[in-house]
Amino acid sequence: MSAASATAKSRSGPGRPSHKGGAPSGHGARPGRRRREFTTRRGLLIAAFMAPAAVFVAVFTYYPMIAGSQMAFRNWKLTDLTDTSWVGWKNFHEVFADPAWGTVLANSALWVVGSIVPQLVIGFALALWLRRRFRFRGLYQALVFFPWAISGFLIGILFRWLFNSEFGVVNDLLQKAGLIDQPIAWLAEPDKAMIAVLVANTWYGVTFFAIMILAALQSIPDELYEAAALDGAGKVRTLLQITIPYIRTTLALTVLLRVIWIFNFPDLIFGMTGGGPNNETQIVTTWMIRITQQGDYGQASAIGLLVVAGLLVFATFFLMATREKREVKP
Amino acid sequence: MIGKETATGRTVRFTFLGLWLVFTVFPLYWITVTSLKAPGDIFRFPIAYWPEHFSLENYTDLFSKADFGVYLTNSLVVATVAGAVATTISMLSAYVLARFEFRTKSALLMAALVTQMIPSFIALGPLYLLMTDLRLVDNRLGLVLVYIAVCIPFCTVMLRGFFENIPDALEEAAMIDGLSRFGALFRVLLPVMRPGIVAAFIFNFVNCWNELFLSVTLMNSDANKTVPTALNGFISSFNIDWGSMSAAAVLTILPTMVLFAFASRHIVQGLTSGAVKG
């Protein structure tokens with residue numbers, strides 16, 4: 001509804017102020033004048049209420065983002081601010097020329113896929129098993145949802161201690177269980193460090209999937225299950241042919257959201273390994289932060305633009321998925 | 001509702017749920033147990049799963065040997081002020097976005113969505129330069145301003161949902177009874193929304209309390225560091241003192257867990273107990 005139609009609506013109902021407008025009606029002024037005054041007051045209210053939020057976000061979020069994007073095409077190093085000349089695509093060439101970049105990209109892919117799959121599977125199972133009421137279910141939910149309140153950085157630190165090579169409890173438990181003979185230097189060995197950060201991220205991320213999927217499961221009408229039971233469908237068939245198709249859109253959206261979010265999630269790795277050993281757990285965003293901290297704002301901005309471009313591709317998928325949702329829902 | 005459950009199904013279910021509970025709680029248990037051991041006992045074999053000697057030395061060290069009290073105060077002040085201001089500002093924008101139709105509305109909502117897709121640390125460099133120009137580097141006010149901007153978009157969307165859950169009829173009735181639009185907003189709408197507002201504030205507070213990269217970039221001096229910035233200093237040193245580290249972790253995690261437990265109750269309350277049920 002446009003501003004004009006809101007005004008029209010309030011004029012059509014004298015004596016009963018519309019909730020969409022703001023000015024009290026019935027002053028006896030001519031309709032034309034009243035309408036202008038009314039629209040102005042309404043516009044002023046909207047502008048006044050929106051202004052603080054808009055100013056803050058524009059100055060501290062959008063301005064650095066937009067101003068920063070031109071740095072990607074300049075020689076912008078904190079170490080030497082005398083020469084900030086335009087260098088074209090040089091920063092991008094440097095990003096791609098870095099021997100670590102290939103590793104960083106591969107690690108990012110592994111980080112996203114290796115986090116999403118266990119989070120989705122365990123989150124789904126947890127939601128299925130939490131659907132049925134049991135005593136202390138509320139308490140159980142509160143306990144298993146606790147990781148959600150902790151910052152990624154602290155979770156990294158927590159698991160850094162658990163996976164400590166000498167005094168870490170993970171090695172101790174594995175040795176007690178007879179699964180390993182010697183302690184493993186989890187965070188120092190190339191192929192072990194990624195496993196460790198993925199375990200930590202699974203610990204953290206299952207909750208989100210469980211919450212989203214549980215909410216979706218609870219929206220499935222009982223009649224569907226009753227009908228399936230009457231038709232003699234077994235558990236597996238019910239799951240595959242009723243439950244999963246019904247919550248398909250939620251699943252797709254949750255996965256897409258999480259892909260973006262996990263890709264953009266350097267905190268945990270930053271606290272746990274700092275990207276080490278030898279860049280084995282370095283992902284695109286930890287890499288970008290490292291380069292920012294080294295003072296090469298030009299190259300960091302170039303990576304930032306690459307990240308945004310990649311996210312745009314994903315946002316397209318995201319919007320396509322939401323469109324499907326609109327069509328499915330009656 | 002979901003059909004009968006067999007005895008085997010029940011066993012499998014509770015086994016799984018039990019295992020997951022242990023897996024979830026164990027790291028938290030472990031960091032707490034570590035923090036309560038005497039400092040020397042942390043690095044002793046065999047690894048003890050229950051402290052032999054309970055000690056608060058790791059905690060007292062934090063305040064005597066490190067300036068943890070200063071960091072806690074900084075975090076508390078910054079998160080409280082930024083959380084409260086962001087909630088207030090978002091209340092206004094959320095109200096307008098929930099109750100009015102105007103041309104730029106969808107563009108504004110899109111602008112809020114974009115900030116949720118693009119991480120706040122993407123423009124650390126340019127932000128640092130901006131804050132240098134504003135003379136707000138290594139300044140708690142500067143960090144507060146940045147945090148407010150970070151909190152606003154999600155907080156607005158969240159509060160807009162709460163506003164939309166309250167039927168228009170409530171305000172209309174208040175306005176027929178002679179209240180102005182502002183009167184209706186402040187004396188009728190906001191009191192009904194209080195649980196939602198509290199939940200929004202808690203979300204903001206926890207996010208600011210936990211934030212790392214912006215504060216690491218903007219705060220240099222020891223007197224201005226927040227807790228995550230200080231912890232980043234702890235883990236950057238060659239030999240991590242896990243005694244102090246675990247105590248610091250417990251002190252950082254505890255408030256957010258309490259607040260979250262509190263907030264989730266308020267959110268449920270906010271969603272289910274509106275003054276008028278639709």
# chains A, B, ... in the order shown; residues from 1 in each chain; ligands from 1
call {"tool": "residues_around", "arguments": {"residues": "B:Val12", "least_positions_apart": "6", "cutoff": "12 Å", "atoms": "only C-alpha atoms", "output": "list in words"}}
result
Ala125, Leu126 and Trp129 of chain A; Glu5, Thr6, Gly18 and Leu19 of chain B
call {"tool": "interface_residues", "arguments": {"of": "chain B", "to": "chain A", "cutoff": "7 Å", "atoms": "only C-alpha atoms", "output": "number ranges by chain"}}
result
B: 1-2, 13, 21, 24, 27, 31, 43, 89-90, 92-93, 96, 99-103, 118-119, 122-123, 125-127, 146, 149, 152, 168, 172, 181, 210, 249, 253, 256-257, 260
call {"tool": "write_last_selection", "arguments": {"atoms": "N, CA and C atoms", "output": "mmCIF file, in the first residue's frame"}}
result
data_model
loop_
_atom_site.group_PDB
_atom_site.id
_atom_site.type_symbol
_atom_site.label_atom_id
_atom_site.label_comp_id
_atom_site.auth_asym_id
_atom_site.auth_seq_id
_atom_site.Cartn_x
_atom_site.Cartn_y
_atom_site.Cartn_z
ATOM 1 N N MET B 1 0.577 -38.968 18.602
ATOM 2 C CA MET B 1 0.645 -38.133 17.413
ATOM 3 C C MET B 1 1.511 -38.744 16.327
ATOM 4 N N ILE B 2 2.655 -39.339 16.679
ATOM 5 C CA ILE B 2 3.561 -39.831 15.645
ATOM 6 C C ILE B 2 3.558 -41.358 15.671
ATOM 7 N N ARG B 13 16.431 -44.237 20.994
ATOM 8 C CA ARG B 13 16.232 -42.798 21.122
ATOM 9 C C ARG B 13 16.929 -42.248 22.360
ATOM 10 N N LEU B 21 23.882 -35.532 24.895
ATOM 11 C CA LEU B 21 23.921 -34.675 26.081
ATOM 12 C C LEU B 21 25.323 -34.703 26.694
ATOM 13 N N THR B 24 27.703 -32.786 24.567
ATOM 14 C CA THR B 24 27.482 -31.335 24.658
ATOM 15 C C THR B 24 28.008 -30.763 25.962
ATOM 16 N N PRO B 27 32.599 -30.670 27.309
ATOM 17 C CA PRO B 27 33.591 -29.580 27.195
ATOM 18 C C PRO B 27 33.384 -28.485 28.242
ATOM 19 N N ILE B 31 36.204 -27.549 31.133
ATOM 20 C CA ILE B 31 36.834 -26.243 31.332
ATOM 21 C C ILE B 31 36.598 -25.778 32.774
ATOM 22 N N PHE B 43 48.734 -29.691 35.005
ATOM 23 C CA PHE B 43 49.751 -30.328 34.160
ATOM 24 C C PHE B 43 50.376 -31.513 34.903
ATOM 25 N N ILE B 89 16.972 2.305 19.587
ATOM 26 C CA ILE B 89 16.911 2.780 18.201
ATOM 27 C C ILE B 89 16.129 1.791 17.334
ATOM 28 N N SER B 90 16.365 0.495 17.560
ATOM 29 C CA SER B 90 15.689 -0.520 16.749
ATOM 30 C C SER B 90 14.188 -0.554 17.020
ATOM 31 N N LEU B 92 12.288 2.003 17.473
ATOM 32 C CA LEU B 92 11.681 3.026 16.629
ATOM 33 C C LEU B 92 11.584 2.549 15.181
ATOM 34 N N SER B 93 12.708 2.039 14.646
ATOM 35 C CA SER B 93 12.689 1.624 13.240
ATOM 36 C C SER B 93 11.775 0.418 13.051
ATOM 37 N N VAL B 96 8.080 1.551 12.918
ATOM 38 C CA VAL B 96 7.721 2.142 11.624
ATOM 39 C C VAL B 96 7.601 1.059 10.552
ATOM 40 N N ARG B 99 4.312 -0.968 11.172
ATOM 41 C CA ARG B 99 2.993 -0.338 11.173
ATOM 42 C C ARG B 99 2.695 0.557 9.966
ATOM 43 N N PHE B 100 3.723 0.916 9.185
ATOM 44 C CA PHE B 100 3.486 1.816 8.053
ATOM 45 C C PHE B 100 3.889 1.167 6.743
ATOM 46 N N GLU B 101 3.255 1.656 5.680
ATOM 47 C CA GLU B 101 3.687 1.271 4.336
ATOM 48 C C GLU B 101 4.278 2.501 3.679
ATOM 49 N N PHE B 102 5.475 2.380 3.127
ATOM 50 C CA PHE B 102 6.045 3.513 2.396
ATOM 51 C C PHE B 102 6.991 2.979 1.334
ATOM 52 N N ARG B 103 7.319 3.891 0.396
ATOM 53 C CA ARG B 103 8.011 3.452 -0.821
ATOM 54 C C ARG B 103 9.362 2.794 -0.550
ATOM 55 N N ILE B 118 26.707 -10.202 4.796
ATOM 56 C CA ILE B 118 28.115 -9.820 4.697
ATOM 57 C C ILE B 118 28.643 -9.585 6.106
ATOM 58 N N PRO B 119 29.676 -10.313 6.498
ATOM 59 C CA PRO B 119 30.144 -10.231 7.885
ATOM 60 C C PRO B 119 30.709 -8.858 8.217
ATOM 61 N N ILE B 122 34.385 -7.687 7.330
ATOM 62 C CA ILE B 122 34.844 -7.633 5.946
ATOM 63 C C ILE B 122 35.572 -6.317 5.660
ATOM 64 N N ALA B 123 35.194 -5.268 6.372
ATOM 65 C CA ALA B 123 35.793 -3.957 6.105
ATOM 66 C C ALA B 123 36.572 -3.455 7.316
ATOM 67 N N GLY B 125 39.750 -2.920 7.777
ATOM 68 C CA GLY B 125 40.743 -1.894 7.432
ATOM 69 C C GLY B 125 40.109 -0.529 7.273
ATOM 70 N N PRO B 126 39.144 -0.415 6.341
ATOM 71 C CA PRO B 126 38.480 0.882 6.152
ATOM 72 C C PRO B 126 37.827 1.402 7.427
ATOM 73 N N LEU B 127 37.269 0.499 8.244
ATOM 74 C CA LEU B 127 36.649 0.939 9.489
ATOM 75 C C LEU B 127 37.704 1.535 10.417
ATOM 76 N N VAL B 146 30.265 1.533 17.024
ATOM 77 C CA VAL B 146 30.358 0.491 16.009
ATOM 78 C C VAL B 146 29.432 -0.687 16.363
ATOM 79 N N ALA B 149 25.820 -0.050 15.571
ATOM 80 C CA ALA B 149 25.536 -0.236 14.143
ATOM 81 C C ALA B 149 25.451 -1.720 13.783
ATOM 82 N N ILE B 152 21.931 -3.136 15.205
ATOM 83 C CA ILE B 152 20.656 -2.579 14.751
ATOM 84 C C ILE B 152 19.901 -3.444 13.729
ATOM 85 N N ASP B 168 -3.303 -4.664 15.390
ATOM 86 C CA ASP B 168 -3.529 -3.228 15.261
ATOM 87 C C ASP B 168 -4.636 -2.754 16.193
ATOM 88 N N GLU B 172 -5.572 0.917 17.960
ATOM 89 C CA GLU B 172 -6.772 1.626 17.516
ATOM 90 C C GLU B 172 -7.670 1.915 18.698
ATOM 91 N N ARG B 181 -0.860 8.966 18.969
ATOM 92 C CA ARG B 181 -0.090 7.833 18.447
ATOM 93 C C ARG B 181 1.093 7.512 19.355
ATOM 94 N N ASN B 210 30.504 -10.956 23.202
ATOM 95 C CA ASN B 210 31.287 -11.994 22.537
ATOM 96 C C ASN B 210 32.156 -11.478 21.396
ATOM 97 N N ALA B 249 37.769 -18.267 30.739
ATOM 98 C CA ALA B 249 36.715 -18.779 29.866
ATOM 99 C C ALA B 249 35.419 -18.973 30.647
ATOM 100 N N ILE B 253 31.920 -17.171 29.820
ATOM 101 C CA ILE B 253 30.786 -17.949 29.316
ATOM 102 C C ILE B 253 29.585 -17.862 30.256
ATOM 103 N N THR B 256 26.770 -15.177 29.771
ATOM 104 C CA THR B 256 25.985 -15.327 28.547
ATOM 105 C C THR B 256 25.051 -16.519 28.645
ATOM 106 N N MET B 257 25.497 -17.588 29.313
ATOM 107 C CA MET B 257 24.622 -18.754 29.436
ATOM 108 C C MET B 257 23.414 -18.441 30.310
ATOM 109 N N PHE B 260 21.101 -16.189 28.324
ATOM 110 C CA PHE B 260 20.411 -16.896 27.253
ATOM 111 C C PHE B 260 19.286 -17.769 27.800
#
call {"tool": "select_by_dssp", "arguments": {"residues": "stretch 72-238 of chain B", "states": "helix (DSSP H, G or I)", "output": "count of residues only"}}
result
138
call {"tool": "atom_distance", "arguments": {"atom1": "atom CA of B:Gln116", "atom2": "atom CA of B:Phe154"}}
result
7.3 Å
call {"tool": "atom_distance", "arguments": {"atom1": "atom CA of A:Ile213", "atom2": "atom CA of A:Ala233"}}
result
22.3 Å
call {"tool": "atom_distance", "arguments": {"atom1": "atom CA of B:Ile47", "atom2": "atom CA of A:Val199"}}
result
21.8 Å
call {"tool": "residues_around", "arguments": {"residues": "A:Leu251", "least_positions_apart": "3", "cutoff": "10 Å", "atoms": "only C-alpha atoms", "output": "NGL selection string"}}
result
:A and (120 or 124 or 209 or 212-213 or 216 or 244-248 or 254-257)
call {"tool": "residues_around", "arguments": {"residues": "B:Phe54", "least_positions_apart": "5", "cutoff": "10 Å", "atoms": "only C-alpha atoms", "output": "MDAnalysis selection string"}}
result
chainID B and resid 33:38
call {"tool": "write_last_selection", "arguments": {"atoms": "N, CA and C atoms", "output": "JSON list (two decimals), in the first residue's frame"}}
result
[["chain", "number", "residue", "atom", "x", "y", "z"],
["B", 33, "VAL", "N", 36.13, -27.82, 35.48],
["B", 33, "VAL", "CA", 36.98, -28.64, 36.34],
["B", 33, "VAL", "C", 38.43, -28.16, 36.28],
["B", 34, "THR", "N", 38.91, -27.87, 35.07],
["B", 34, "THR", "CA", 40.28, -27.38, 34.91],
["B", 34, "THR", "C", 40.49, -26.10, 35.71],
["B", 35, "SER", "N", 39.51, -25.22, 35.63],
["B", 35, "SER", "CA", 39.67, -23.92, 36.29],
["B", 35, "SER", "C", 39.70, -24.05, 37.81],
["B", 36, "LEU", "N", 39.11, -25.14, 38.33],
["B", 36, "LEU", "CA", 39.01, -25.29, 39.78],
["B", 36, "LEU", "C", 40.16, -26.11, 40.37],
["B", 37, "LYS", "N", 41.05, -26.62, 39.49],
["B", 37, "LYS", "CA", 42.20, -27.36, 39.99],
["B", 37, "LYS", "C", 43.26, -26.39, 40.49],
["B", 38, "ALA", "N", 44.11, -26.87, 41.41],
["B", 38, "ALA", "CA", 45.27, -26.06, 41.78],
["B", 38, "ALA", "C", 46.14, -25.95, 40.53]]
call {"tool": "closest_residue", "arguments": {"among": "B:Phe262, B:Trp209, B:Tyr71, B:Tyr59", "to": "B:Met245", "atoms": "only C-alpha atoms"}}
result
B:Tyr59
call {"tool": "closest_residue", "arguments": {"among": "A:Leu239, A:Val87, A:Val206, A:Leu187", "to": "A:Ile220", "atoms": "only C-alpha atoms"}}
result
A:Leu239
call {"tool": "decode", "arguments": {"residues": "stretch 228-242 of chain B", "atoms": "all heavy atoms", "output": "PDB file, in the first residue's frame"}}
result
ATOM      1  N   PRO B 228      37.180 -10.519  25.177  1.00  0.00           N
ATOM      2  CA  PRO B 228      37.695 -11.315  24.058  1.00  0.00           C
ATOM      3  C   PRO B 228      39.044 -10.814  23.543  1.00  0.00           C
ATOM      4  O   PRO B 228      39.908 -11.615  23.186  1.00  0.00           O
ATOM      5  CB  PRO B 228      36.615 -11.158  22.981  1.00  0.00           C
ATOM      6  CG  PRO B 228      35.383 -10.801  23.725  1.00  0.00           C
ATOM      7  CD  PRO B 228      35.835  -9.995  24.891  1.00  0.00           C
ATOM      8  N   THR B 229      39.235  -9.490  23.524  1.00  0.00           N
ATOM      9  CA  THR B 229      40.517  -8.936  23.083  1.00  0.00           C
ATOM     10  C   THR B 229      41.635  -9.400  24.007  1.00  0.00           C
ATOM     11  O   THR B 229      42.720  -9.774  23.561  1.00  0.00           O
ATOM     12  CB  THR B 229      40.463  -7.401  23.086  1.00  0.00           C
ATOM     13  OG1 THR B 229      39.251  -6.995  22.479  1.00  0.00           O
ATOM     14  CG2 THR B 229      41.615  -6.811  22.312  1.00  0.00           C
ATOM     15  N   ALA B 230      41.351  -9.389  25.316  1.00  0.00           N
ATOM     16  CA  ALA B 230      42.347  -9.829  26.285  1.00  0.00           C
ATOM     17  C   ALA B 230      42.650 -11.316  26.110  1.00  0.00           C
ATOM     18  O   ALA B 230      43.806 -11.734  26.125  1.00  0.00           O
ATOM     19  CB  ALA B 230      41.847  -9.554  27.697  1.00  0.00           C
ATOM     20  N   LEU B 231      41.604 -12.126  25.904  1.00  0.00           N
ATOM     21  CA  LEU B 231      41.806 -13.567  25.704  1.00  0.00           C
ATOM     22  C   LEU B 231      42.646 -13.806  24.463  1.00  0.00           C
ATOM     23  O   LEU B 231      43.480 -14.714  24.430  1.00  0.00           O
ATOM     24  CB  LEU B 231      40.465 -14.296  25.581  1.00  0.00           C
ATOM     25  CG  LEU B 231      39.561 -14.298  26.812  1.00  0.00           C
ATOM     26  CD1 LEU B 231      38.350 -15.172  26.577  1.00  0.00           C
ATOM     27  CD2 LEU B 231      40.323 -14.782  28.028  1.00  0.00           C
ATOM     28  N   ASN B 232      42.428 -12.999  23.439  1.00  0.00           N
ATOM     29  CA  ASN B 232      43.230 -13.120  22.223  1.00  0.00           C
ATOM     30  C   ASN B 232      44.702 -12.880  22.539  1.00  0.00           C
ATOM     31  O   ASN B 232      45.579 -13.560  21.996  1.00  0.00           O
ATOM     32  CB  ASN B 232      42.731 -12.127  21.174  1.00  0.00           C
ATOM     33  CG  ASN B 232      43.451 -12.291  19.854  1.00  0.00           C
ATOM     34  OD1 ASN B 232      43.561 -13.396  19.349  1.00  0.00           O
ATOM     35  ND2 ASN B 232      43.986 -11.206  19.333  1.00  0.00           N
ATOM     36  N   GLY B 233      44.962 -11.944  23.461  1.00  0.00           N
ATOM     37  CA  GLY B 233      46.332 -11.722  23.903  1.00  0.00           C
ATOM     38  C   GLY B 233      46.871 -12.958  24.628  1.00  0.00           C
ATOM     39  O   GLY B 233      47.998 -13.376  24.402  1.00  0.00           O
ATOM     40  N   PHE B 234      46.033 -13.562  25.485  1.00  0.00           N
ATOM     41  CA  PHE B 234      46.444 -14.760  26.237  1.00  0.00           C
ATOM     42  C   PHE B 234      46.877 -15.891  25.295  1.00  0.00           C
ATOM     43  O   PHE B 234      47.878 -16.542  25.521  1.00  0.00           O
ATOM     44  CB  PHE B 234      45.289 -15.287  27.105  1.00  0.00           C
ATOM     45  CG  PHE B 234      44.980 -14.457  28.312  1.00  0.00           C
ATOM     46  CD1 PHE B 234      45.561 -13.202  28.497  1.00  0.00           C
ATOM     47  CD2 PHE B 234      44.095 -14.927  29.281  1.00  0.00           C
ATOM     48  CE1 PHE B 234      45.262 -12.432  29.608  1.00  0.00           C
ATOM     49  CE2 PHE B 234      43.794 -14.161  30.407  1.00  0.00           C
ATOM     50  CZ  PHE B 234      44.369 -12.914  30.561  1.00  0.00           C
ATOM     51  N   ILE B 235      46.069 -16.154  24.233  1.00  0.00           N
ATOM     52  CA  ILE B 235      46.388 -17.308  23.389  1.00  0.00           C
ATOM     53  C   ILE B 235      47.489 -16.994  22.390  1.00  0.00           C
ATOM     54  O   ILE B 235      48.028 -17.894  21.761  1.00  0.00           O
ATOM     55  CB  ILE B 235      45.163 -17.871  22.622  1.00  0.00           C
ATOM     56  CG1 ILE B 235      44.564 -16.838  21.678  1.00  0.00           C
ATOM     57  CG2 ILE B 235      44.131 -18.453  23.553  1.00  0.00           C
ATOM     58  CD1 ILE B 235      43.652 -17.456  20.638  1.00  0.00           C
ATOM     59  N   SER B 236      47.818 -15.708  22.232  1.00  0.00           N
ATOM     60  CA  SER B 236      48.877 -15.374  21.282  1.00  0.00           C
ATOM     61  C   SER B 236      50.255 -15.610  21.884  1.00  0.00           C
ATOM     62  O   SER B 236      51.233 -15.741  21.163  1.00  0.00           O
ATOM     63  CB  SER B 236      48.769 -13.907  20.848  1.00  0.00           C
ATOM     64  OG  SER B 236      47.488 -13.666  20.325  1.00  0.00           O
ATOM     65  N   SER B 237      50.319 -15.654  23.224  1.00  0.00           N
ATOM     66  CA  SER B 237      51.627 -15.870  23.835  1.00  0.00           C
ATOM     67  C   SER B 237      52.075 -17.308  23.579  1.00  0.00           C
ATOM     68  O   SER B 237      51.258 -18.195  23.357  1.00  0.00           O
ATOM     69  CB  SER B 237      51.556 -15.602  25.340  1.00  0.00           C
ATOM     70  OG  SER B 237      50.661 -16.507  25.939  1.00  0.00           O
ATOM     71  N   PHE B 238      53.380 -17.511  23.632  1.00  0.00           N
ATOM     72  CA  PHE B 238      53.940 -18.806  23.255  1.00  0.00           C
ATOM     73  C   PHE B 238      53.456 -19.912  24.182  1.00  0.00           C
ATOM     74  O   PHE B 238      53.023 -20.969  23.744  1.00  0.00           O
ATOM     75  CB  PHE B 238      55.467 -18.730  23.250  1.00  0.00           C
ATOM     76  CG  PHE B 238      56.102 -20.004  22.808  1.00  0.00           C
ATOM     77  CD1 PHE B 238      56.007 -20.409  21.487  1.00  0.00           C
ATOM     78  CD2 PHE B 238      56.774 -20.812  23.714  1.00  0.00           C
ATOM     79  CE1 PHE B 238      56.581 -21.586  21.066  1.00  0.00           C
ATOM     80  CE2 PHE B 238      57.346 -22.005  23.296  1.00  0.00           C
ATOM     81  CZ  PHE B 238      57.255 -22.391  21.971  1.00  0.00           C
ATOM     82  N   ASN B 239      53.509 -19.653  25.463  1.00  0.00           N
ATOM     83  CA  ASN B 239      53.047 -20.653  26.426  1.00  0.00           C
ATOM     84  C   ASN B 239      51.726 -20.216  27.035  1.00  0.00           C
ATOM     85  O   ASN B 239      51.683 -19.260  27.800  1.00  0.00           O
ATOM     86  CB  ASN B 239      54.082 -20.831  27.545  1.00  0.00           C
ATOM     87  CG  ASN B 239      54.813 -22.143  27.407  1.00  0.00           C
ATOM     88  OD1 ASN B 239      54.261 -23.115  26.875  1.00  0.00           O
ATOM     89  ND2 ASN B 239      56.045 -22.178  27.877  1.00  0.00           N
ATOM     90  N   ILE B 240      50.665 -20.900  26.672  1.00  0.00           N
ATOM     91  CA  ILE B 240      49.369 -20.506  27.201  1.00  0.00           C
ATOM     92  C   ILE B 240      49.251 -20.999  28.637  1.00  0.00           C
ATOM     93  O   ILE B 240      49.505 -22.169  28.921  1.00  0.00           O
ATOM     94  CB  ILE B 240      48.232 -21.084  26.352  1.00  0.00           C
ATOM     95  CG1 ILE B 240      48.354 -20.578  24.914  1.00  0.00           C
ATOM     96  CG2 ILE B 240      46.883 -20.717  26.944  1.00  0.00           C
ATOM     97  CD1 ILE B 240      47.369 -21.209  23.964  1.00  0.00           C
ATOM     98  N   ASP B 241      48.870 -20.100  29.545  1.00  0.00           N
ATOM     99  CA  ASP B 241      48.629 -20.484  30.924  1.00  0.00           C
ATOM    100  C   ASP B 241      47.189 -20.999  31.015  1.00  0.00           C
ATOM    101  O   ASP B 241      46.245 -20.223  31.156  1.00  0.00           O
ATOM    102  CB  ASP B 241      48.843 -19.265  31.837  1.00  0.00           C
ATOM    103  CG  ASP B 241      48.474 -19.568  33.275  1.00  0.00           C
ATOM    104  OD1 ASP B 241      48.106 -20.724  33.569  1.00  0.00           O
ATOM    105  OD2 ASP B 241      48.551 -18.653  34.115  1.00  0.00           O
ATOM    106  N   TRP B 242      47.036 -22.330  30.916  1.00  0.00           N
ATOM    107  CA  TRP B 242      45.687 -22.886  30.829  1.00  0.00           C
ATOM    108  C   TRP B 242      44.898 -22.747  32.121  1.00  0.00           C
ATOM    109  O   TRP B 242      43.665 -22.798  32.102  1.00  0.00           O
ATOM    110  CB  TRP B 242      45.721 -24.336  30.358  1.00  0.00           C
ATOM    111  CG  TRP B 242      45.919 -24.395  28.867  1.00  0.00           C
ATOM    112  CD1 TRP B 242      47.049 -24.774  28.208  1.00  0.00           C
ATOM    113  CD2 TRP B 242      44.964 -24.019  27.862  1.00  0.00           C
ATOM    114  NE1 TRP B 242      46.866 -24.649  26.848  1.00  0.00           N
ATOM    115  CE2 TRP B 242      45.603 -24.206  26.615  1.00  0.00           C
ATOM    116  CE3 TRP B 242      43.662 -23.546  27.901  1.00  0.00           C
ATOM    117  CZ2 TRP B 242      44.957 -23.924  25.406  1.00  0.00           C
ATOM    118  CZ3 TRP B 242      43.019 -23.266  26.709  1.00  0.00           C
ATOM    119  CH2 TRP B 242      43.670 -23.453  25.473  1.00  0.00           C
TER     120      TRP B 242
END
